[in-house]
Amino acid sequence: MNLKQTIIASSLALSVLAGCSSAPDEIVVAEQSAVESQYLEAKDLLIQGNYVRAAEILSALDASFPFGPYSHQIQLDLIYSYYKTDNTSQALASIDRFLKLNPTHTDIDYVYYMRGLTNLKAAQNALQEMVGIDRFDRDITEHRDAFNDFNTIVTQYPQSQYAKDARQRMIFAKNFIAKSELAVAEYYMRRSAYVAAANRAKYVLENLGDTDQVERALEMMLVSYDQLELKDLYNNTYQVLKLNYPDNSLVN
């Protein structure tokens, strides 16, 4: 092989190598383009309110491309899609995974907010499945979890755009918890278990004293102490009830 033939052969070899080296880049670009196209389709579906189909696309993207420029936003939108379709178990699982893997993400306050909303929805769905109305004599784990989620926003991210709404939802959750505690106390009273009833009502007074259930808690404590013939506790509770609720029928 002469020099000219050698140069031509070398050039061809370099061209082949260059072509091979560029192939992976082209594949990456093609994949990113496909991800972007599907993600934009999912976003349009979210805007249209087709949350079921959006969740299907976002879930597939999340499974196939867990890393990349769109991965975090895909996961955040997937959480919202699950929430809107009442798929609370999947939403909570996705939220917990996101919090574990991205504890310092710029939208972490939004993730806690969505977990609070999802816990409230899970509680609401459970109530509707039972009787279709609010029931306060059932497990209140979701309400406690929701309260803690919203409290995280208020205490750790007070400047968050979700902080104001979180405070309002904390009030709702706390009132529900207080009502639930007193529903249990009423159960005990109907069975003449006045010590247990008084303790439940006292818990509401001491730990949920900023709810609208304080007057009812004092009433139950007063009746329980009267039945137990605990004069000092009865008199103290009577005075507190009369001072704060002078129109209450038990002190008139």
# chains A, B, ... in the order shown; residues from 1 in each chain; ligands from 1
>>> select_by_dssp(residues="segment 33-249 of chain A", states="alpha helix (DSSP H)", output="ChimeraX atom specification")
/A:33-48,51-64,71-84,88-101,108-130,141-156,163-190,194-207,214-228,231-244
>>> residues_around(residues="Ala217 of chain A", least_positions_apart="6", cutoff="7 Å", atoms="only C-alpha atoms", output="list of chain:residue names")
A:Leu182, A:Ala201, A:Lys202, A:Val204, A:Leu205
>>> write_last_selection(atoms="N, CA and C atoms", output="mmCIF file, in the first residue's frame")
data_model
loop_
_atom_site.group_PDB
_atom_site.id
_atom_site.type_symbol
_atom_site.label_atom_id
_atom_site.label_comp_id
_atom_site.auth_asym_id
_atom_site.auth_seq_id
_atom_site.Cartn_x
_atom_site.Cartn_y
_atom_site.Cartn_z
ATOM 1 N N LEU A 182 -63.510 13.169 71.867
ATOM 2 C CA LEU A 182 -64.718 13.291 72.682
ATOM 3 C C LEU A 182 -65.769 12.251 72.289
ATOM 4 N N ALA A 201 -61.558 13.588 77.897
ATOM 5 C CA ALA A 201 -61.975 14.989 77.842
ATOM 6 C C ALA A 201 -60.863 15.909 78.342
ATOM 7 N N LYS A 202 -60.155 15.467 79.364
ATOM 8 C CA LYS A 202 -59.046 16.255 79.897
ATOM 9 C C LYS A 202 -57.930 16.383 78.869
ATOM 10 N N VAL A 204 -58.294 16.541 75.660
ATOM 11 C CA VAL A 204 -58.729 17.574 74.709
ATOM 12 C C VAL A 204 -58.490 18.951 75.302
ATOM 13 N N LEU A 205 -58.830 19.115 76.561
ATOM 14 C CA LEU A 205 -58.669 20.414 77.217
ATOM 15 C C LEU A 205 -57.207 20.835 77.263
#
>>> residues_around(residues="segment 97-112 of chain A", least_positions_apart="2", cutoff="9 Å", atoms="only C-alpha atoms", output="VMD selection string")
chain A and resid 72 75 to 76 79 92 to 95 114 to 117 149 to 150 152 to 153 156 to 157 160 to 163
>>> atom_distance(atom1="atom CA of Leu40 of chain A", atom2="atom CA of Ala91 of chain A")
20.9 Å
>>> atom_distance(atom1="atom CA of Val251 of chain A", atom2="atom CA of Arg191 of chain A")
24.5 Å
>>> closest_residue(among="A:Gln213, A:Glu206, A:Asn151, A:Arg144", to="Ala178 of chain A", atoms="only C-alpha atoms")
A:Gln213
>>> atom_distance(atom1="atom CA of Gly49 of chain A", atom2="atom CA of Glu36 of chain A")
19.8 Å
>>> closest_residue(among="A:Asp77, A:Asp62, A:Asp212, A:Asp145", to="Ile47 of chain A", atoms="only C-alpha atoms")
A:Asp77
>>> closest_residue(among="A:Tyr51, A:Phe172, A:Tyr245, A:Tyr39", to="Arg216 of chain A", atoms="only C-alpha atoms")
A:Tyr245
>>> closest_residue(among="A:Ile140, A:Ser180, A:Arg53, A:Asp86", to="Thr118 of chain A", atoms="only C-alpha atoms")
A:Asp86
>>> residues_around(residues="Met170 of chain A", least_positions_apart="3", cutoff="10 Å", atoms="only C-alpha atoms", output="PyMOL selection string")
chain A and resi 116+143-144+146-151+154+165-167+173-176
>>> write_last_selection(atoms="N, CA, C and O atoms", output="PDB file, in the first residue's frame")
ATOM      1  N   GLY A 116     -50.042  16.494  53.015  1.00  0.00           N
ATOM      2  CA  GLY A 116     -51.126  16.864  53.915  1.00  0.00           C
ATOM      3  C   GLY A 116     -52.480  16.729  53.245  1.00  0.00           C
ATOM      4  O   GLY A 116     -53.423  16.151  53.812  1.00  0.00           O
ATOM      5  N   HIS A 143     -55.667  12.106  59.897  1.00  0.00           N
ATOM      6  CA  HIS A 143     -55.807  13.500  60.323  1.00  0.00           C
ATOM      7  C   HIS A 143     -54.587  13.953  61.122  1.00  0.00           C
ATOM      8  O   HIS A 143     -54.139  15.095  60.981  1.00  0.00           O
ATOM      9  N   ARG A 144     -54.065  13.085  61.954  1.00  0.00           N
ATOM     10  CA  ARG A 144     -52.849  13.436  62.700  1.00  0.00           C
ATOM     11  C   ARG A 144     -51.667  13.617  61.749  1.00  0.00           C
ATOM     12  O   ARG A 144     -50.880  14.555  61.894  1.00  0.00           O
ATOM     13  N   ALA A 146     -51.834  14.447  58.579  1.00  0.00           N
ATOM     14  CA  ALA A 146     -52.066  15.670  57.813  1.00  0.00           C
ATOM     15  C   ALA A 146     -51.699  16.898  58.647  1.00  0.00           C
ATOM     16  O   ALA A 146     -51.056  17.835  58.142  1.00  0.00           O
ATOM     17  N   PHE A 147     -52.113  16.896  59.909  1.00  0.00           N
ATOM     18  CA  PHE A 147     -51.772  18.012  60.797  1.00  0.00           C
ATOM     19  C   PHE A 147     -50.257  18.187  60.868  1.00  0.00           C
ATOM     20  O   PHE A 147     -49.741  19.316  60.785  1.00  0.00           O
ATOM     21  N   ASN A 148     -49.529  17.091  61.004  1.00  0.00           N
ATOM     22  CA  ASN A 148     -48.069  17.161  61.093  1.00  0.00           C
ATOM     23  C   ASN A 148     -47.452  17.662  59.791  1.00  0.00           C
ATOM     24  O   ASN A 148     -46.466  18.424  59.813  1.00  0.00           O
ATOM     25  N   ASP A 149     -48.023  17.251  58.647  1.00  0.00           N
ATOM     26  CA  ASP A 149     -47.511  17.716  57.360  1.00  0.00           C
ATOM     27  C   ASP A 149     -47.687  19.229  57.221  1.00  0.00           C
ATOM     28  O   ASP A 149     -46.750  19.944  56.825  1.00  0.00           O
ATOM     29  N   PHE A 150     -48.880  19.719  57.531  1.00  0.00           N
ATOM     30  CA  PHE A 150     -49.129  21.151  57.422  1.00  0.00           C
ATOM     31  C   PHE A 150     -48.306  21.930  58.448  1.00  0.00           C
ATOM     32  O   PHE A 150     -47.838  23.040  58.180  1.00  0.00           O
ATOM     33  N   ASN A 151     -48.123  21.338  59.610  1.00  0.00           N
ATOM     34  CA  ASN A 151     -47.311  21.983  60.636  1.00  0.00           C
ATOM     35  C   ASN A 151     -45.850  22.110  60.188  1.00  0.00           C
ATOM     36  O   ASN A 151     -45.165  23.083  60.534  1.00  0.00           O
ATOM     37  N   VAL A 154     -45.687  25.222  58.080  1.00  0.00           N
ATOM     38  CA  VAL A 154     -45.814  26.452  58.877  1.00  0.00           C
ATOM     39  C   VAL A 154     -44.556  26.735  59.683  1.00  0.00           C
ATOM     40  O   VAL A 154     -44.128  27.891  59.807  1.00  0.00           O
ATOM     41  N   ASP A 165     -52.668  28.578  53.734  1.00  0.00           N
ATOM     42  CA  ASP A 165     -53.679  27.530  53.608  1.00  0.00           C
ATOM     43  C   ASP A 165     -53.387  26.382  54.571  1.00  0.00           C
ATOM     44  O   ASP A 165     -54.308  25.775  55.112  1.00  0.00           O
ATOM     45  N   ALA A 166     -52.100  26.096  54.780  1.00  0.00           N
ATOM     46  CA  ALA A 166     -51.720  25.029  55.702  1.00  0.00           C
ATOM     47  C   ALA A 166     -52.230  25.320  57.105  1.00  0.00           C
ATOM     48  O   ALA A 166     -52.695  24.417  57.812  1.00  0.00           O
ATOM     49  N   ARG A 167     -52.153  26.577  57.533  1.00  0.00           N
ATOM     50  CA  ARG A 167     -52.651  26.953  58.873  1.00  0.00           C
ATOM     51  C   ARG A 167     -54.146  26.682  58.985  1.00  0.00           C
ATOM     52  O   ARG A 167     -54.621  26.172  60.010  1.00  0.00           O
ATOM     53  N   ALA A 173     -58.071  19.946  60.833  1.00  0.00           N
ATOM     54  CA  ALA A 173     -57.598  18.639  61.298  1.00  0.00           C
ATOM     55  C   ALA A 173     -57.640  18.546  62.817  1.00  0.00           C
ATOM     56  O   ALA A 173     -58.040  17.528  63.388  1.00  0.00           O
ATOM     57  N   LYS A 174     -57.251  19.629  63.480  1.00  0.00           N
ATOM     58  CA  LYS A 174     -57.222  19.626  64.939  1.00  0.00           C
ATOM     59  C   LYS A 174     -58.627  19.523  65.518  1.00  0.00           C
ATOM     60  O   LYS A 174     -58.863  18.811  66.499  1.00  0.00           O
ATOM     61  N   ASN A 175     -59.579  20.222  64.922  1.00  0.00           N
ATOM     62  CA  ASN A 175     -60.964  20.126  65.380  1.00  0.00           C
ATOM     63  C   ASN A 175     -61.507  18.715  65.205  1.00  0.00           C
ATOM     64  O   ASN A 175     -62.226  18.199  66.066  1.00  0.00           O
ATOM     65  N   PHE A 176     -61.162  18.094  64.093  1.00  0.00           N
ATOM     66  CA  PHE A 176     -61.625  16.726  63.858  1.00  0.00           C
ATOM     67  C   PHE A 176     -61.042  15.780  64.901  1.00  0.00           C
ATOM     68  O   PHE A 176     -61.739  14.902  65.421  1.00  0.00           O
TER      69      PHE A 176
END
>>> closest_residue(among="A:Ser64, A:Ser192, A:Asn252, A:Asn244", to="Leu228 of chain A", atoms="only C-alpha atoms")
A:Ser192
>>> residues_around(residues="Val184 of chain A", least_positions_apart="2", cutoff="10 Å", atoms="only C-alpha atoms", output="ChimeraX atom specification")
/A:136-138,179-182,186-189,196-197,200-201
>>> write_last_selection(atoms="all heavy atoms", output="short mmCIF file (atom, residue, chain, number, x, y, z; two decimals), in the first residue's frame")
data_model
loop_
_atom_site.label_atom_id
_atom_site.label_comp_id
_atom_site.auth_asym_id
_atom_site.auth_seq_id
_atom_site.Cartn_x
_atom_site.Cartn_y
_atom_site.Cartn_z
N PHE A 136 -66.66 10.52 63.82
CA PHE A 136 -65.55 10.90 64.67
C PHE A 136 -65.11 9.77 65.60
O PHE A 136 -64.25 9.96 66.44
CB PHE A 136 -65.94 12.13 65.50
CG PHE A 136 -66.37 13.29 64.65
CD1 PHE A 136 -67.70 13.67 64.59
CD2 PHE A 136 -65.44 13.99 63.90
CE1 PHE A 136 -68.09 14.73 63.80
CE2 PHE A 136 -65.83 15.05 63.10
CZ PHE A 136 -67.16 15.43 63.06
N ASP A 137 -65.73 8.61 65.45
CA ASP A 137 -65.40 7.49 66.32
C ASP A 137 -64.60 6.42 65.57
O ASP A 137 -64.79 5.24 65.73
CB ASP A 137 -66.67 6.87 66.91
CG ASP A 137 -67.64 6.41 65.84
OD1 ASP A 137 -67.48 6.84 64.68
OD2 ASP A 137 -68.55 5.64 66.17
N ARG A 138 -63.71 6.87 64.69
CA ARG A 138 -62.90 5.95 63.92
C ARG A 138 -61.43 6.36 64.06
O ARG A 138 -61.10 7.35 64.69
CB ARG A 138 -63.31 5.97 62.44
CG ARG A 138 -63.11 7.34 61.80
CD ARG A 138 -63.42 7.30 60.31
NE ARG A 138 -62.48 6.45 59.61
CZ ARG A 138 -61.28 6.84 59.21
NH1 ARG A 138 -60.86 8.06 59.47
NH2 ARG A 138 -60.49 6.02 58.56
N LYS A 179 -62.89 16.28 68.17
CA LYS A 179 -64.21 15.65 68.12
C LYS A 179 -64.10 14.14 68.25
O LYS A 179 -64.94 13.50 68.90
CB LYS A 179 -64.91 16.02 66.81
CG LYS A 179 -65.35 17.47 66.73
CD LYS A 179 -65.98 17.76 65.38
CE LYS A 179 -66.41 19.22 65.27
NZ LYS A 179 -67.00 19.52 63.94
N SER A 180 -63.08 13.58 67.64
CA SER A 180 -62.87 12.14 67.72
C SER A 180 -62.57 11.70 69.14
O SER A 180 -63.09 10.68 69.62
CB SER A 180 -61.73 11.72 66.79
OG SER A 180 -62.04 12.00 65.44
N GLU A 181 -61.73 12.46 69.83
CA GLU A 181 -61.40 12.13 71.21
C GLU A 181 -62.65 12.17 72.09
O GLU A 181 -62.86 11.31 72.95
CB GLU A 181 -60.35 13.11 71.75
CG GLU A 181 -58.98 12.98 71.10
CD GLU A 181 -58.25 11.71 71.49
OE1 GLU A 181 -58.68 11.04 72.45
OE2 GLU A 181 -57.26 11.37 70.82
N LEU A 182 -63.51 13.17 71.87
CA LEU A 182 -64.72 13.29 72.68
C LEU A 182 -65.77 12.25 72.29
O LEU A 182 -66.60 11.87 73.12
CB LEU A 182 -65.29 14.71 72.56
CG LEU A 182 -64.39 15.81 73.15
CD1 LEU A 182 -65.08 17.16 73.09
CD2 LEU A 182 -63.99 15.48 74.59
N GLU A 186 -67.54 9.93 74.98
CA GLU A 186 -68.98 9.66 75.07
C GLU A 186 -69.26 8.16 75.11
O GLU A 186 -70.15 7.70 75.84
CB GLU A 186 -69.70 10.29 73.87
CG GLU A 186 -69.88 11.79 73.98
CD GLU A 186 -70.72 12.33 72.84
OE1 GLU A 186 -70.94 11.60 71.86
OE2 GLU A 186 -71.15 13.49 72.94
N TYR A 187 -68.51 7.42 74.34
CA TYR A 187 -68.63 5.96 74.34
C TYR A 187 -68.39 5.42 75.76
O TYR A 187 -69.14 4.57 76.26
CB TYR A 187 -67.65 5.36 73.35
CG TYR A 187 -67.52 3.86 73.41
CD1 TYR A 187 -68.40 3.03 72.73
CD2 TYR A 187 -66.50 3.26 74.17
CE1 TYR A 187 -68.28 1.65 72.78
CE2 TYR A 187 -66.38 1.88 74.24
CZ TYR A 187 -67.26 1.08 73.55
OH TYR A 187 -67.15 -0.27 73.62
N TYR A 188 -67.34 5.93 76.39
CA TYR A 188 -67.04 5.50 77.76
C TYR A 188 -68.14 5.90 78.73
O TYR A 188 -68.52 5.14 79.63
CB TYR A 188 -65.71 6.08 78.22
CG TYR A 188 -64.49 5.45 77.57
CD1 TYR A 188 -63.42 6.24 77.14
CD2 TYR A 188 -64.39 4.08 77.40
CE1 TYR A 188 -62.30 5.67 76.56
CE2 TYR A 188 -63.28 3.49 76.82
CZ TYR A 188 -62.23 4.30 76.39
OH TYR A 188 -61.13 3.72 75.82
N MET A 189 -68.68 7.10 78.55
CA MET A 189 -69.73 7.57 79.45
C MET A 189 -70.98 6.71 79.35
O MET A 189 -71.64 6.43 80.35
CB MET A 189 -70.06 9.04 79.16
CG MET A 189 -68.94 10.00 79.55
SD MET A 189 -69.37 11.74 79.24
CE MET A 189 -70.55 12.02 80.56
N ALA A 196 -62.21 6.83 82.42
CA ALA A 196 -61.69 6.88 81.05
C ALA A 196 -62.28 8.06 80.28
O ALA A 196 -61.57 8.75 79.52
CB ALA A 196 -62.01 5.57 80.33
N ALA A 197 -63.56 8.32 80.51
CA ALA A 197 -64.21 9.44 79.83
C ALA A 197 -63.60 10.77 80.26
O ALA A 197 -63.30 11.64 79.43
CB ALA A 197 -65.71 9.44 80.14
N ARG A 200 -60.14 11.29 78.67
CA ARG A 200 -60.22 11.68 77.26
C ARG A 200 -60.57 13.17 77.13
O ARG A 200 -59.97 13.90 76.35
CB ARG A 200 -61.26 10.84 76.53
CG ARG A 200 -60.82 9.43 76.24
CD ARG A 200 -59.94 9.38 75.00
NE ARG A 200 -59.54 8.03 74.70
CZ ARG A 200 -59.01 7.63 73.56
NH1 ARG A 200 -58.82 8.51 72.60
NH2 ARG A 200 -58.64 6.37 73.37
N ALA A 201 -61.56 13.59 77.90
CA ALA A 201 -61.97 14.99 77.84
C ALA A 201 -60.86 15.91 78.34
O ALA A 201 -60.63 16.99 77.79
CB ALA A 201 -63.24 15.18 78.67
#
>>> decode(residues="segment 208-222 of chain A", atoms="N, CA, C and O atoms", output="mmCIF file, in the first residue's frame")
data_model
loop_
_atom_site.group_PDB
_atom_site.id
_atom_site.type_symbol
_atom_site.label_atom_id
_atom_site.label_comp_id
_atom_site.auth_asym_id
_atom_site.auth_seq_id
_atom_site.Cartn_x
_atom_site.Cartn_y
_atom_site.Cartn_z
ATOM 1 N N LEU A 208 -55.720 20.171 73.060
ATOM 2 C CA LEU A 208 -56.463 20.700 71.921
ATOM 3 C C LEU A 208 -57.330 21.859 72.380
ATOM 4 O O LEU A 208 -58.464 22.029 71.938
ATOM 5 N N GLY A 209 -56.763 22.641 73.280
ATOM 6 C CA GLY A 209 -57.523 23.718 73.914
ATOM 7 C C GLY A 209 -57.824 24.901 73.025
ATOM 8 O O GLY A 209 -58.581 25.794 73.425
ATOM 9 N N ASP A 210 -57.258 24.928 71.822
ATOM 10 C CA ASP A 210 -57.549 26.020 70.895
ATOM 11 C C ASP A 210 -58.564 25.604 69.823
ATOM 12 O O ASP A 210 -58.690 26.254 68.783
ATOM 13 N N THR A 211 -59.294 24.514 70.092
ATOM 14 C CA THR A 211 -60.348 24.087 69.170
ATOM 15 C C THR A 211 -61.709 24.518 69.716
ATOM 16 O O THR A 211 -61.812 25.052 70.826
ATOM 17 N N ASP A 212 -62.759 24.233 68.950
ATOM 18 C CA ASP A 212 -64.106 24.619 69.379
ATOM 19 C C ASP A 212 -64.776 23.530 70.221
ATOM 20 O O ASP A 212 -65.994 23.550 70.404
ATOM 21 N N GLN A 213 -63.992 22.593 70.745
ATOM 22 C CA GLN A 213 -64.535 21.492 71.530
ATOM 23 C C GLN A 213 -64.285 21.626 73.029
ATOM 24 O O GLN A 213 -64.588 20.703 73.800
ATOM 25 N N VAL A 214 -63.753 22.769 73.446
ATOM 26 C CA VAL A 214 -63.386 22.945 74.858
ATOM 27 C C VAL A 214 -64.613 22.905 75.766
ATOM 28 O O VAL A 214 -64.606 22.239 76.812
ATOM 29 N N GLU A 215 -65.650 23.598 75.390
ATOM 30 C CA GLU A 215 -66.852 23.634 76.237
ATOM 31 C C GLU A 215 -67.412 22.227 76.421
ATOM 32 O O GLU A 215 -67.766 21.823 77.545
ATOM 33 N N ARG A 216 -67.483 21.474 75.343
ATOM 34 C CA ARG A 216 -68.000 20.112 75.412
ATOM 35 C C ARG A 216 -67.097 19.230 76.283
ATOM 36 O O ARG A 216 -67.594 18.396 77.054
ATOM 37 N N ALA A 217 -65.801 19.433 76.196
ATOM 38 C CA ALA A 217 -64.873 18.652 77.016
ATOM 39 C C ALA A 217 -65.084 18.947 78.496
ATOM 40 O O ALA A 217 -65.095 18.032 79.335
ATOM 41 N N LEU A 218 -65.269 20.226 78.827
ATOM 42 C CA LEU A 218 -65.516 20.603 80.227
ATOM 43 C C LEU A 218 -66.825 20.004 80.732
ATOM 44 O O LEU A 218 -66.909 19.550 81.881
ATOM 45 N N GLU A 219 -67.844 20.000 79.894
ATOM 46 C CA GLU A 219 -69.119 19.391 80.289
ATOM 47 C C GLU A 219 -68.942 17.913 80.637
ATOM 48 O O GLU A 219 -69.461 17.431 81.654
ATOM 49 N N MET A 220 -68.205 17.215 79.817
ATOM 50 C CA MET A 220 -68.018 15.778 80.026
ATOM 51 C C MET A 220 -67.172 15.515 81.268
ATOM 52 O O MET A 220 -67.420 14.560 82.016
ATOM 53 N N MET A 221 -66.193 16.366 81.504
ATOM 54 C CA MET A 221 -65.395 16.244 82.720
ATOM 55 C C MET A 221 -66.259 16.476 83.951
ATOM 56 O O MET A 221 -66.174 15.747 84.945
ATOM 57 N N LEU A 222 -67.120 17.495 83.879
ATOM 58 C CA LEU A 222 -67.980 17.837 85.013
ATOM 59 C C LEU A 222 -68.925 16.687 85.358
ATOM 60 O O LEU A 222 -69.047 16.291 86.533
#
